[in-house]
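The structure file protein14.txt is reproduced below (compact mmCIF, C-alpha atoms and all ligand atoms).
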# COMPACT_ATOMS: atom_id res chain seq x y z
CA MET R 1104 23.26 -0.54 12.07
CA ARG R 1105 19.89 -2.18 11.41
CA HIS R 1106 18.13 1.16 11.82
CA PHE R 1107 20.54 2.79 9.40
CA PHE R 1108 19.57 0.40 6.61
CA GLN R 1109 15.88 0.74 7.45
CA SER R 1110 16.09 4.46 6.76
CA PHE R 1111 17.22 3.61 3.23
CA GLY R 1112 14.46 1.03 2.78
CA GLY R 1113 12.97 3.17 0.01
CA PHE R 1114 15.95 2.49 -2.19
CA PHE R 1115 15.42 -1.29 -1.93
CA GLU R 1116 11.83 -0.80 -2.94
CA HIS R 1117 12.89 1.47 -5.77
CA LEU R 1118 15.41 -1.15 -6.93
CA ARG R 1119 12.75 -3.86 -7.02
CA ARG R 1120 10.60 -1.65 -9.15
CA ALA R 1121 13.32 -0.36 -11.45
CA ARG R 1122 12.80 -2.12 -14.74
CA LYS R 1123 15.31 -0.27 -16.80
CA PRO R 1124 18.80 -1.84 -16.51
CA LEU R 1125 20.46 1.59 -16.51
CA MET R 1126 18.31 2.78 -13.64
CA ARG R 1127 18.96 -0.46 -11.73
CA ALA R 1128 22.71 -0.04 -12.20
CA PHE R 1129 22.51 3.54 -10.92
CA VAL R 1130 20.55 2.53 -7.83
CA LEU R 1131 22.99 -0.38 -7.17
CA LEU R 1132 25.95 1.98 -7.40
CA LEU R 1133 24.30 4.40 -5.02
CA LEU R 1134 23.59 1.58 -2.57
CA ALA R 1135 27.17 0.33 -2.80
CA PHE R 1136 28.37 3.86 -1.98
CA VAL R 1137 26.03 4.12 0.99
CA ALA R 1138 27.11 0.66 2.24
CA ALA R 1139 30.77 1.64 1.91
CA CYS R 1140 30.15 4.77 3.94
CA ALA R 1141 28.37 2.66 6.54
CA THR R 1142 31.20 0.14 6.88
CA THR R 1143 34.21 2.44 6.64
CA GLU R 1144 32.87 5.47 8.41
CA PRO R 1145 30.82 4.34 11.36
CA SER R 1146 31.11 7.76 12.97
CA ALA R 1147 29.47 9.36 9.93
CA ALA R 1148 26.72 6.77 10.12
CA ARG R 1149 26.22 7.47 13.81
CA HIS R 1150 26.02 11.15 13.04
CA ARG R 1151 23.11 10.53 10.74
CA SER R 1152 21.35 8.20 13.13
CA LYS R 1153 21.79 8.94 16.79
CA ARG R 1154 20.20 5.68 17.91
CA VAL R 1155 23.13 3.54 16.68
CA GLU R 1156 25.66 2.89 19.40
CA VAL R 1157 28.92 0.96 19.03
CA PRO R 1158 29.90 -0.27 22.48
CA ALA R 1159 33.59 0.11 23.41
CA PRO R 1160 35.33 -3.30 23.55
CA LYS R 1161 35.53 -4.64 27.10
CA PRO R 1162 39.13 -4.83 28.27
CA ASN R 1163 40.21 -8.43 28.78
CA PRO R 1164 41.34 -8.94 32.42
CA ALA R 1165 44.26 -11.10 31.19
CA ASP R 1166 45.44 -8.23 28.94
CA ILE R 1167 45.26 -5.81 31.85
CA ALA R 1168 47.28 -8.17 34.04
CA PHE R 1169 49.89 -8.55 31.28
CA ALA R 1170 50.07 -4.76 30.81
CA ASN R 1171 50.57 -4.43 34.58
CA PHE R 1172 53.40 -6.98 34.41
CA VAL R 1173 55.10 -5.01 31.61
CA HIS R 1174 54.63 -1.83 33.66
CA ASP R 1175 56.04 -3.38 36.86
CA PHE R 1176 58.95 -5.08 35.09
CA ARG R 1177 60.11 -1.63 33.99
CA THR R 1178 61.27 -0.92 37.56
CA THR R 1179 63.22 -4.20 37.61
CA ALA R 1180 64.87 -3.31 34.31
CA LEU R 1181 65.72 0.25 35.33
CA ASN R 1182 67.28 -1.10 38.54
CA VAL R 1183 69.82 -3.08 36.52
CA GLY R 1184 70.81 -0.19 34.29
CA ILE R 1185 68.30 -0.26 31.45
CA THR R 1186 67.40 3.29 30.44
CA PRO R 1187 63.75 4.36 30.34
CA ASP R 1188 64.19 5.07 26.62
CA THR R 1189 65.45 1.55 25.88
CA TYR R 1190 62.67 -0.05 27.90
CA ASP R 1191 59.90 1.99 26.40
CA ARG R 1192 61.10 1.54 22.83
CA ALA R 1193 61.46 -2.25 23.29
CA MET R 1194 58.27 -2.88 25.24
CA SER R 1195 55.77 -0.39 23.86
CA GLY R 1196 53.12 -2.02 21.75
CA ILE R 1197 53.88 -5.61 22.73
CA SER R 1198 51.08 -7.88 23.84
CA ARG R 1199 50.81 -11.35 25.28
CA ASN R 1200 51.55 -13.55 22.26
CA ALA R 1201 48.94 -16.32 21.97
CA ARG R 1202 51.16 -18.59 19.85
CA VAL R 1203 54.07 -18.32 22.28
CA GLN R 1204 51.68 -18.99 25.13
CA GLN R 1205 50.41 -22.12 23.39
CA LEU R 1206 53.91 -23.43 22.60
CA ASN R 1207 54.92 -22.76 26.21
CA GLU R 1208 52.09 -24.84 27.63
CA ASP R 1209 51.70 -27.62 25.07
CA GLN R 1210 52.67 -31.09 25.99
CA PRO R 1211 52.95 -33.08 22.74
CA GLU R 1212 50.71 -36.10 22.26
CA PHE R 1213 53.71 -38.04 20.98
CA THR R 1214 57.36 -37.16 21.41
CA HIS R 1215 59.50 -37.96 18.38
CA PRO R 1216 61.78 -40.95 18.66
CA VAL R 1217 65.47 -40.05 18.51
CA TRP R 1218 65.86 -41.64 15.04
CA ASP R 1219 63.15 -39.37 13.62
CA TYR R 1220 64.87 -36.36 15.15
CA LEU R 1221 68.25 -37.39 13.70
CA ASP R 1222 66.70 -38.14 10.27
CA GLY R 1223 65.61 -34.49 10.19
CA ALA R 1224 68.62 -32.91 11.87
CA VAL R 1225 71.17 -34.81 9.78
CA SER R 1226 69.20 -35.03 6.53
CA PRO R 1227 70.92 -35.38 3.13
CA TRP R 1228 70.01 -31.70 2.53
CA ARG R 1229 71.76 -30.59 5.73
CA VAL R 1230 74.87 -32.55 4.74
CA SER R 1231 75.08 -31.24 1.16
CA LYS R 1232 74.07 -27.68 2.06
CA GLY R 1233 76.57 -27.71 4.93
CA GLN R 1234 79.38 -28.76 2.60
CA GLU R 1235 78.34 -25.94 0.26
CA MET R 1236 78.40 -23.44 3.16
CA MET R 1237 81.82 -24.71 4.27
CA ALA R 1238 83.17 -24.11 0.78
CA SER R 1239 81.65 -20.62 0.54
CA THR R 1240 82.93 -19.46 3.96
CA GLY R 1241 86.28 -21.27 3.68
CA THR R 1242 88.85 -18.65 4.75
CA THR R 1243 86.67 -17.16 7.48
CA LEU R 1244 85.96 -20.62 8.90
CA ALA R 1245 89.60 -21.65 8.76
CA ASN R 1246 90.55 -18.51 10.72
CA ILE R 1247 87.87 -19.15 13.34
CA GLU R 1248 88.97 -22.79 13.71
CA GLN R 1249 92.61 -21.74 14.03
CA HIS R 1250 91.80 -19.07 16.62
CA TYR R 1251 89.42 -21.01 18.90
CA GLY R 1252 90.47 -24.62 18.23
CA VAL R 1253 86.93 -25.80 17.45
CA PRO R 1254 86.64 -27.77 14.17
CA LYS R 1255 84.84 -25.96 11.36
CA GLU R 1256 82.59 -28.99 10.79
CA VAL R 1257 81.25 -28.72 14.35
CA LEU R 1258 80.53 -25.01 13.90
CA VAL R 1259 78.80 -25.52 10.57
CA ALA R 1260 76.81 -28.43 12.07
CA ILE R 1261 75.54 -26.11 14.83
CA TRP R 1262 74.64 -23.51 12.20
CA GLY R 1263 72.76 -26.15 10.18
CA ILE R 1264 70.85 -27.60 13.11
CA GLU R 1265 70.07 -24.30 14.83
CA SER R 1266 68.78 -22.31 11.86
CA ALA R 1267 69.09 -24.48 8.71
CA TYR R 1268 72.08 -22.29 7.77
CA GLY R 1269 70.35 -19.02 8.46
CA THR R 1270 67.08 -19.83 6.68
CA ALA R 1271 64.97 -20.42 9.82
CA MET R 1272 65.98 -17.99 12.55
CA GLY R 1273 62.52 -17.39 14.07
CA GLY R 1274 60.17 -14.51 13.32
CA PHE R 1275 58.79 -13.55 16.74
CA ASN R 1276 59.42 -10.15 18.28
CA MET R 1277 62.08 -11.05 20.86
CA PHE R 1278 60.63 -8.80 23.55
CA GLU R 1279 57.08 -10.00 23.01
CA ALA R 1280 58.15 -13.68 23.07
CA LEU R 1281 60.27 -13.30 26.20
CA ALA R 1282 57.73 -11.10 28.00
CA THR R 1283 55.00 -13.69 27.29
CA LEU R 1284 57.20 -16.45 28.76
CA ALA R 1285 58.26 -14.20 31.66
CA TYR R 1286 54.67 -13.34 32.58
CA ASP R 1287 53.64 -16.87 33.62
CA GLY R 1288 54.14 -20.57 32.94
CA PRO R 1289 57.03 -22.99 33.34
CA ARG R 1290 59.80 -20.78 31.87
CA GLN R 1291 59.30 -17.62 33.94
CA ASP R 1292 62.69 -17.52 35.65
CA TYR R 1293 64.57 -18.24 32.45
CA ALA R 1294 62.58 -15.67 30.47
CA ARG R 1295 62.89 -12.85 33.04
CA LYS R 1296 66.65 -13.25 33.02
CA GLU R 1297 66.76 -13.37 29.22
CA LEU R 1298 64.39 -10.40 28.88
CA LEU R 1299 66.77 -8.27 30.93
CA ALA R 1300 69.68 -9.58 28.84
CA ALA R 1301 67.78 -8.73 25.62
CA LEU R 1302 67.21 -5.16 26.82
CA LYS R 1303 70.86 -4.83 27.74
CA MET R 1304 71.87 -6.22 24.35
CA MET R 1305 69.65 -3.70 22.55
CA GLN R 1306 71.07 -0.86 24.62
CA GLN R 1307 74.73 -1.87 24.24
CA GLU R 1308 74.65 -2.70 20.55
CA LYS R 1309 72.17 0.02 19.56
CA PHE R 1310 69.90 -2.52 17.86
CA SER R 1311 66.46 -1.36 16.84
CA PRO R 1312 63.78 -3.50 18.52
CA SER R 1313 62.19 -4.31 15.16
CA GLN R 1314 65.33 -6.10 13.95
CA MET R 1315 65.46 -8.25 17.08
CA THR R 1316 63.55 -11.31 15.90
CA ALA R 1317 63.72 -14.63 17.72
CA SER R 1318 62.27 -18.10 18.09
CA TRP R 1319 59.26 -18.45 20.39
CA ALA R 1320 61.71 -19.32 23.19
CA GLY R 1321 63.85 -16.23 22.63
CA ALA R 1322 66.81 -17.75 20.74
CA PHE R 1323 67.95 -15.70 17.79
CA GLY R 1324 70.19 -15.42 14.77
CA ASN R 1325 72.19 -17.89 12.70
CA THR R 1326 73.32 -19.95 15.69
CA GLN R 1327 70.28 -19.29 17.91
CA PHE R 1328 72.02 -17.71 20.87
CA VAL R 1329 69.93 -16.61 23.81
CA PRO R 1330 70.53 -12.97 24.84
CA SER R 1331 72.60 -13.87 27.93
CA SER R 1332 74.92 -16.02 25.78
CA PHE R 1333 75.28 -13.06 23.45
CA LEU R 1334 76.39 -10.84 26.35
CA ASP R 1335 78.85 -13.49 27.57
CA HIS R 1336 80.31 -14.86 24.35
CA ALA R 1337 79.42 -12.94 21.19
CA VAL R 1338 82.30 -11.60 19.09
CA ASP R 1339 82.72 -9.65 15.88
CA GLY R 1340 83.84 -12.38 13.48
CA ASP R 1341 83.95 -10.34 10.27
CA GLY R 1342 85.71 -7.31 11.74
CA ASP R 1343 83.12 -4.68 10.80
CA GLY R 1344 82.99 -3.41 14.39
CA LYS R 1345 79.52 -4.86 15.12
CA ARG R 1346 78.36 -8.12 16.65
CA ASP R 1347 75.42 -9.11 14.50
CA LEU R 1348 74.36 -12.75 14.79
CA TRP R 1349 71.38 -12.19 12.46
CA ASN R 1350 73.11 -10.82 9.38
CA SER R 1351 76.69 -12.01 9.71
CA PRO R 1352 77.31 -15.79 9.64
CA ALA R 1353 80.96 -15.02 10.45
CA ASP R 1354 79.92 -13.24 13.67
CA ALA R 1355 77.59 -16.12 14.56
CA LEU R 1356 80.13 -18.88 13.86
CA ALA R 1357 82.95 -17.09 15.71
CA SER R 1358 80.62 -16.50 18.67
CA SER R 1359 79.70 -20.21 18.79
CA ALA R 1360 83.40 -21.12 18.60
CA LYS R 1361 84.14 -18.77 21.50
CA LEU R 1362 81.28 -20.23 23.56
CA LEU R 1363 82.48 -23.82 22.98
CA SER R 1364 86.10 -22.87 23.62
CA GLU R 1365 85.18 -21.19 26.91
CA ALA R 1366 83.04 -24.21 27.84
CA GLY R 1367 86.18 -26.35 27.63
CA TRP R 1368 86.45 -27.67 24.06
CA LYS R 1369 89.75 -29.58 23.74
CA ARG R 1370 91.63 -28.57 20.62
CA GLY R 1371 92.63 -31.57 18.51
CA ALA R 1372 90.47 -34.07 20.44
CA GLY R 1373 87.40 -35.77 18.99
CA TRP R 1374 83.89 -36.04 20.45
CA GLY R 1375 83.61 -39.84 20.46
CA THR R 1376 82.73 -42.74 18.22
CA GLU R 1377 80.19 -45.45 17.56
CA ILE R 1378 81.03 -48.60 19.50
CA LYS R 1379 80.17 -52.26 19.86
CA LEU R 1380 79.30 -53.53 23.34
CA PRO R 1381 80.22 -57.04 24.57
CA ASP R 1382 77.43 -59.57 25.11
CA ASN R 1383 77.72 -59.48 28.90
CA PHE R 1384 77.66 -55.68 29.09
CA ALA R 1385 76.20 -54.16 32.27
CA TYR R 1386 73.70 -51.75 30.68
CA GLU R 1387 73.23 -49.74 33.86
CA THR R 1388 76.72 -48.31 33.22
CA ALA R 1389 75.57 -46.83 29.89
CA ASP R 1390 74.76 -43.36 31.16
CA VAL R 1391 76.00 -40.01 29.82
CA ASP R 1392 76.56 -38.93 33.43
CA LEU R 1393 78.75 -41.93 34.31
CA GLN R 1394 82.38 -41.60 33.23
CA LYS R 1395 85.16 -44.20 33.14
CA THR R 1396 88.61 -44.05 31.60
CA LEU R 1397 89.00 -45.49 28.12
CA SER R 1398 91.29 -48.13 29.69
CA GLU R 1399 88.45 -49.24 31.95
CA TRP R 1400 85.99 -49.42 29.05
CA HIS R 1401 88.63 -51.38 27.14
CA LYS R 1402 88.93 -53.92 29.97
CA LEU R 1403 85.13 -54.28 30.00
CA GLY R 1404 85.28 -55.41 26.37
CA VAL R 1405 84.01 -52.24 24.64
CA LYS R 1406 85.37 -51.94 21.06
CA THR R 1407 84.90 -49.50 18.20
CA ILE R 1408 82.12 -50.34 15.76
CA PHE R 1409 84.81 -51.67 13.39
CA GLY R 1410 86.08 -54.06 16.08
CA ALA R 1411 89.25 -52.10 16.97
CA GLU R 1412 90.47 -52.04 20.58
CA LEU R 1413 90.04 -48.81 22.55
CA PRO R 1414 93.31 -47.06 23.42
CA ASP R 1415 94.86 -47.60 26.84
CA SER R 1416 94.12 -44.04 27.95
CA ALA R 1417 93.19 -42.14 31.08
CA ASP R 1418 90.80 -39.93 29.08
CA LEU R 1419 87.26 -40.11 30.37
CA GLY R 1420 84.32 -41.31 28.36
CA SER R 1421 80.67 -42.27 28.85
CA ILE R 1422 78.52 -44.72 26.97
CA TYR R 1423 75.41 -43.26 25.40
CA LEU R 1424 72.59 -45.44 24.09
CA PRO R 1425 70.10 -43.03 22.48
CA ALA R 1426 67.62 -45.83 21.77
CA GLY R 1427 68.46 -48.40 24.41
CA ALA R 1428 70.18 -51.78 24.17
CA HIS R 1429 68.77 -52.54 20.72
CA GLY R 1430 70.07 -49.45 18.93
CA PRO R 1431 73.44 -47.82 18.16
CA ALA R 1432 75.91 -47.26 21.03
CA PHE R 1433 78.40 -44.38 21.34
CA LEU R 1434 81.46 -43.69 23.44
CA VAL R 1435 81.27 -39.95 24.14
CA LEU R 1436 84.24 -37.88 25.32
CA ASP R 1437 84.68 -34.48 26.98
CA ASN R 1438 84.03 -32.53 23.77
CA PHE R 1439 80.58 -34.14 23.51
CA ARG R 1440 79.86 -32.83 27.00
CA VAL R 1441 80.94 -29.36 25.86
CA VAL R 1442 78.23 -29.44 23.16
CA LEU R 1443 75.73 -30.14 25.96
CA LYS R 1444 76.57 -26.68 27.30
CA TYR R 1445 75.14 -25.26 24.07
CA ASN R 1446 71.93 -27.24 24.51
CA ASN R 1447 71.57 -29.70 27.35
CA ALA R 1448 70.06 -32.64 25.46
CA ALA R 1449 72.20 -35.65 24.58
CA SER R 1450 70.22 -36.20 21.36
CA TYR R 1451 71.08 -32.62 20.31
CA ALA R 1452 74.78 -33.12 21.04
CA LEU R 1453 74.72 -36.35 19.04
CA ALA R 1454 73.03 -34.59 16.12
CA VAL R 1455 75.73 -31.89 16.07
CA CYS R 1456 78.60 -34.38 16.35
CA TYR R 1457 77.10 -36.79 13.81
CA LEU R 1458 76.41 -34.00 11.29
CA ALA R 1459 80.00 -32.79 11.78
CA ASN R 1460 81.20 -36.32 10.94
CA ARG R 1461 79.02 -36.41 7.82
CA LEU R 1462 80.32 -32.97 6.72
CA ARG R 1463 83.83 -34.44 6.91
CA GLY R 1464 82.67 -37.21 4.60
CA ASN R 1465 82.52 -39.90 7.29
CA ALA R 1466 80.09 -42.79 7.08
CA GLU R 1467 76.57 -42.91 8.48
CA ILE R 1468 75.81 -44.57 11.82
CA ALA R 1469 76.34 -48.29 11.16
CA THR R 1470 73.90 -49.88 13.61
CA ALA R 1471 70.20 -49.91 12.71
CA TRP R 1472 67.75 -47.96 14.90
CA PRO R 1473 64.90 -49.94 16.52
CA ARG R 1474 62.37 -48.21 14.28
CA TYR R 1475 59.73 -50.81 15.17
CA GLU R 1476 59.39 -49.21 18.64
CA GLN R 1477 56.25 -47.07 18.87
CA PRO R 1478 56.51 -43.96 21.06
CA LEU R 1479 54.30 -43.79 24.13
CA SER R 1480 51.28 -41.50 23.93
CA LYS R 1481 50.78 -38.76 26.49
CA ASP R 1482 48.38 -40.97 28.51
CA GLN R 1483 50.86 -43.85 28.35
CA ARG R 1484 53.67 -41.62 29.62
CA PHE R 1485 51.56 -40.75 32.66
CA GLN R 1486 50.69 -44.42 33.06
CA PHE R 1487 54.37 -45.41 32.85
CA GLN R 1488 55.18 -43.03 35.70
CA ASN R 1489 52.20 -44.21 37.76
CA ASP R 1490 53.15 -47.86 37.20
CA LEU R 1491 56.69 -47.25 38.44
CA LYS R 1492 55.30 -45.58 41.53
CA LYS R 1493 52.80 -48.38 42.24
CA LEU R 1494 55.63 -50.91 41.94
CA GLY R 1495 57.73 -49.03 44.51
CA TYR R 1496 60.08 -47.04 42.24
CA ASP R 1497 60.47 -43.27 42.35
CA PRO R 1498 59.80 -41.62 38.96
CA GLY R 1499 59.71 -38.07 40.43
CA ALA R 1500 56.76 -35.85 39.53
CA ILE R 1501 53.92 -37.53 37.63
CA ASP R 1502 53.94 -35.07 34.74
CA GLY R 1503 54.00 -37.17 31.56
CA VAL R 1504 57.59 -36.17 30.81
CA ILE R 1505 60.13 -38.96 30.36
CA GLY R 1506 63.16 -37.36 31.95
CA HIS R 1507 66.22 -38.41 33.85
CA GLY R 1508 64.32 -39.51 36.99
CA VAL R 1509 61.92 -41.72 35.04
CA ARG R 1510 64.78 -43.38 33.15
CA ALA R 1511 66.71 -43.98 36.37
CA ALA R 1512 63.64 -45.57 38.00
CA ALA R 1513 63.06 -47.68 34.86
CA ARG R 1514 66.67 -48.90 35.05
CA LYS R 1515 66.14 -50.05 38.63
CA TYR R 1516 62.96 -51.88 37.63
CA GLN R 1517 64.79 -53.53 34.71
CA LYS R 1518 67.72 -54.56 36.88
CA ASP R 1519 65.40 -56.07 39.52
CA HIS R 1520 63.73 -58.08 36.75
CA ALA R 1521 66.98 -59.24 35.06
CA LEU R 1522 66.31 -57.12 31.97
CA ALA R 1523 68.95 -55.06 30.12
CA ALA R 1524 68.97 -51.98 32.39
CA ASP R 1525 69.15 -49.36 29.62
CA GLY R 1526 66.36 -47.13 31.02
CA PHE R 1527 64.82 -46.97 27.55
CA VAL R 1528 61.05 -46.53 27.77
CA THR R 1529 59.16 -48.88 25.45
CA GLN R 1530 55.64 -50.22 24.92
CA ASP R 1531 56.91 -53.67 26.01
CA LEU R 1532 58.21 -52.34 29.30
CA LEU R 1533 54.92 -50.55 29.97
CA ALA R 1534 52.92 -53.71 29.13
CA ARG R 1535 55.14 -55.75 31.45
CA MET R 1536 54.60 -53.34 34.35
CA ASP R 1537 50.84 -53.22 33.66
CA ALA R 1538 50.69 -57.04 33.79
CA GLU R 1539 52.64 -57.14 37.04
CA ILE R 1540 50.31 -54.57 38.61
CA ARG R 1541 47.24 -56.58 37.53
CA ALA R 1542 48.75 -59.84 38.81
CA LYS R 1543 49.54 -58.25 42.17
CA GLY R 1544 46.15 -56.54 42.33
CA LEU R 1545 47.80 -53.15 42.94
CA CA T 1601 80.52 -8.15 12.63

Take the structure I supplied and represent it as structure tokens, if you would.
Amino acid sequence: MRHFFQSFGGFFEHLRRARKPLMRAFVLLLLAFVAACATTEPSAARHRSKRVEVPAPKPNPADIAFANFVHDFRTTALNVGITPDTYDRAMSGISRNARVQQLNEDQPEFTHPVWDYLDGAVSPWRVSKGQEMMASTGTTLANIEQHYGVPKEVLVAIWGIESAYGTAMGGFNMFEALATLAYDGPRQDYARKELLAALKMMQQEKFSPSQMTASWAGAFGNTQFVPSSFLDHAVDGDGDGKRDLWNSPADALASSAKLLSEAGWKRGAGWGTEIKLPDNFAYETADVDLQKTLSEWHKLGVKTIFGAELPDSADLGSIYLPAGAHGPAFLVLDNFRVVLKYNNAASYALAVCYLANRLRGNAEIATAWPRYEQPLSKDQRFQFQNDLKKLGYDPGAIDGVIGHGVRAAARKYQKDHALAADGFVTQDLLARMDAEIRAKGL
């Protein structure tokens, strides 16, 4: 390109010398034209100057490997009944999505405390907008509730939390997002299964690939189903003969109701309630995975937050402390566990159930959250796991993720040290373990 401009050096000289404004304008215009030709038509420029060479871009080895994966996965897809036409239309032109890749690998510096998550998930906007949506979809919702036995408030709460009532459904190309996750990283198995389901969904429903938008993790539509859930549970809620979870809230809400119903939702039963624990409560029994009958909890002195006795019932319930012994406590029943089948995080199930309560006009959670607790940084989460290990407890893999194994190990440590064994990870607990390790010279 340098040589090209050199050959027009005379014009620059001419411009410098041009004293008449009109002449200068003419020369400038001519130069602008030449520059435009040079930038928009490189082949024309090359034609005029054979010494200019534009090297072909070097193929990136990672792109080649991804293209090979897409090529090889075609055989897998065809083996399970995907037609070549479906596969090629869905997968042609996709590339490894850098943003999806980043979201797949990122470990956050700080994880949000549960109260921050609930502040967002059950915000005043979500409550008022949800009530508006319930009013506007009244008859449809009533029919869905009647048919599947799942309360309309629970369905609308899922809609609100999953996609902010259809306003945030995710704008990634579903095939590109799932193929990126399927290619490598921690979600490969999940994504390969969902990619096949997405192809099947496109083929069955005759969707065009361009309309199949999703979140980075492959969830889509008003209630953020994954493709395999669509194949298993989706229904036509508005009776137009199509199952369209993107454009029909009725289809999405009916499909969610069917999923929850098939997961065991008990018609007419609640999800649970906020409770008050007795002073001598054995905190190691507060575990979503540990069930006792309501009669047993009653005998242990557990009461509703308003001080009422629990019923003498053989129904099973667990005690869930989202923020440990110093935050709100909930008795959660079978229907709460059903919501976990939608998304297996207790904080998510609580958000859905709590928003459903608020949509009914029920009060906010009465007990204050321990908002003074500062979340552990990424380094501190690793340190917490290492400390447990040094002190003889088994936190599982040292990966900086506070999961079930870490909480169980923390409970054992707390119990051995006569602390409330709630398994809640705090700065104080970390400092205490650090001090013990220093004192013992470990
Ligand atoms: Ca429909």

Problem - Between CA of Leu1545 in chain R and CA of Phe1527 in chain R, distance in Å (one decimal) - result: 23.8 Å

For ligand CA 1601 (chain T), list the contacting residues at 9 Å or closer, counting all atoms listed in the file, as a short mmCIF file (atom, residue, chain, number, x, y, z; two decimals) with C-alpha atoms, in the frame of the given file.
data_model
loop_
_atom_site.label_atom_id
_atom_site.label_comp_id
_atom_site.auth_asym_id
_atom_site.auth_seq_id
_atom_site.Cartn_x
_atom_site.Cartn_y
_atom_site.Cartn_z
CA VAL R 1338 82.30 -11.60 19.09
CA ASP R 1339 82.72 -9.65 15.88
CA GLY R 1340 83.84 -12.38 13.48
CA ASP R 1341 83.95 -10.34 10.27
CA GLY R 1342 85.71 -7.31 11.74
CA ASP R 1343 83.12 -4.68 10.80
CA GLY R 1344 82.99 -3.41 14.39
CA LYS R 1345 79.52 -4.86 15.12
CA ARG R 1346 78.36 -8.12 16.65
CA ASP R 1347 75.42 -9.11 14.50
CA LEU R 1348 74.36 -12.75 14.79
CA ASN R 1350 73.11 -10.82 9.38
CA SER R 1351 76.69 -12.01 9.71
CA PRO R 1352 77.31 -15.79 9.64
CA ALA R 1353 80.96 -15.02 10.45
CA ASP R 1354 79.92 -13.24 13.67
CA ALA R 1355 77.59 -16.12 14.56
#

Exercise for the section: May I ask which of the residues R:Ala1385, R:Ala1426, R:Val1259, R:Ile1197 is the closest one to His1215 in chain R, counting all atoms listed in the file? Expected result: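 Closest to His1215 in chain R of all the choices is R:Ala1426.
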
Within 7 Å of Gly1499 in chain R, counting all atoms listed in the file, which residues show up once you throw out same-chain ones fewer than 2 positions away? Write them as a PDB file with C-alpha atoms, in the frame of the given file, please.
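Output (around-v8.pdb):
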ATOM      1  CA  ASP R1497      60.470 -43.270  42.350  1.00  0.00           C
ATOM      2  CA  ILE R1501      53.920 -37.530  37.630  1.00  0.00           C
ATOM      3  CA  GLY R1508      64.320 -39.510  36.990  1.00  0.00           C
ATOM      4  CA  VAL R1509      61.920 -41.720  35.040  1.00  0.00           C
TER       5      VAL R1509
END

Practice task
One decimal, Å: what's the distance from CA of Pro1216 in chain R over to CA of Pro1425 in chain R, could you say?
Solution key: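 Taking CA of Pro1216 in chain R and CA of Pro1425 in chain R, their separation equals 9.4 Å.
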
Exercise for the section: Using CA of Leu1419 in chain R and CA of Gly1373 in chain R as the two end points, give the distance in Å to one decimal. Expected result: 12.2 Å

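When only C-alpha atoms are used to measure the gap to Ala1193 in chain R, the shortest distance among R:Glu1539, R:Asp1525, R:Glu1279, R:Asp1390 belongs to R:Glu1279.
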
Handout entry: Top pick for closest residue to His1520 in chain R, considering R:Met1536, R:Met1272, R:Ile1505, R:Ala1449 and counting only C-alpha atoms
Key =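 The answer is R:Met1536, which sits nearest to His1520 in chain R.
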
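The closest residue to Asn1207 in chain R, picked from R:Gly1410, R:Gly1506, R:Gly1288, R:Gly1495 and counting only C-alpha atoms, is R:Gly1288.
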
Problem - Spatial neighbours of range 1363-1369 of chain R, max dist 12 Å, all atoms listed in the file, sep filter under 4 positions, as a ChimeraX atom specification - result: /R:1247-1254,1257-1258,1261,1332,1335-1337,1356-1359,1373-1374,1418,1436-1446

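Between Val1173 in chain R and the residues R:Ile1378, R:Ala1238, R:Leu1221, R:Ala1285, the shortest atom-to-atom distance, using all atoms listed in the file, involves R:Ala1285.
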
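Restricting the calculation to only C-alpha atoms, the smallest distance between Ile1185 in chain R and any of R:Gln1204, R:Ser1226, R:Gln1307, R:Thr1270 is found for R:Gln1307.
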
Residues within 12 Å of (56.8, -52.8, 29.0), file coords, all atoms listed in the file, listed as a tab-separated table (two decimals) with C-alpha atoms, keeping the file's coordinate frame:
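Final output, saved to out24.tsv:
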chain	number	residue	atom	x	y	z
R	1476	GLU	CA	59.39	-49.21	18.64
R	1477	GLN	CA	56.25	-47.07	18.87
R	1478	PRO	CA	56.51	-43.96	21.06
R	1479	LEU	CA	54.30	-43.79	24.13
R	1483	GLN	CA	50.86	-43.85	28.35
R	1484	ARG	CA	53.67	-41.62	29.62
R	1486	GLN	CA	50.69	-44.42	33.06
R	1487	PHE	CA	54.37	-45.41	32.85
R	1488	GLN	CA	55.18	-43.03	35.70
R	1490	ASP	CA	53.15	-47.86	37.20
R	1491	LEU	CA	56.69	-47.25	38.44
R	1513	ALA	CA	63.06	-47.68	34.86
R	1516	TYR	CA	62.96	-51.88	37.63
R	1517	GLN	CA	64.79	-53.53	34.71
R	1520	HIS	CA	63.73	-58.08	36.75
R	1522	LEU	CA	66.31	-57.12	31.97
R	1526	GLY	CA	66.36	-47.13	31.02
R	1527	PHE	CA	64.82	-46.97	27.55
R	1528	VAL	CA	61.05	-46.53	27.77
R	1529	THR	CA	59.16	-48.88	25.45
R	1530	GLN	CA	55.64	-50.22	24.92
R	1531	ASP	CA	56.91	-53.67	26.01
R	1532	LEU	CA	58.21	-52.34	29.30
R	1533	LEU	CA	54.92	-50.55	29.97
R	1534	ALA	CA	52.92	-53.71	29.13
R	1535	ARG	CA	55.14	-55.75	31.45
R	1536	MET	CA	54.60	-53.34	34.35
R	1537	ASP	CA	50.84	-53.22	33.66
R	1538	ALA	CA	50.69	-57.04	33.79
R	1539	GLU	CA	52.64	-57.14	37.04
R	1540	ILE	CA	50.31	-54.57	38.61

Problem - Residue neighbourhood Arg1177 in chain R, 10 Å, only C-alpha atoms, exclusion window fewer than 5 positions, as an MDAnalysis selection string - result: chainID R and resid 1171:1172 1182 1185:1187 1190:1191 1194 1299
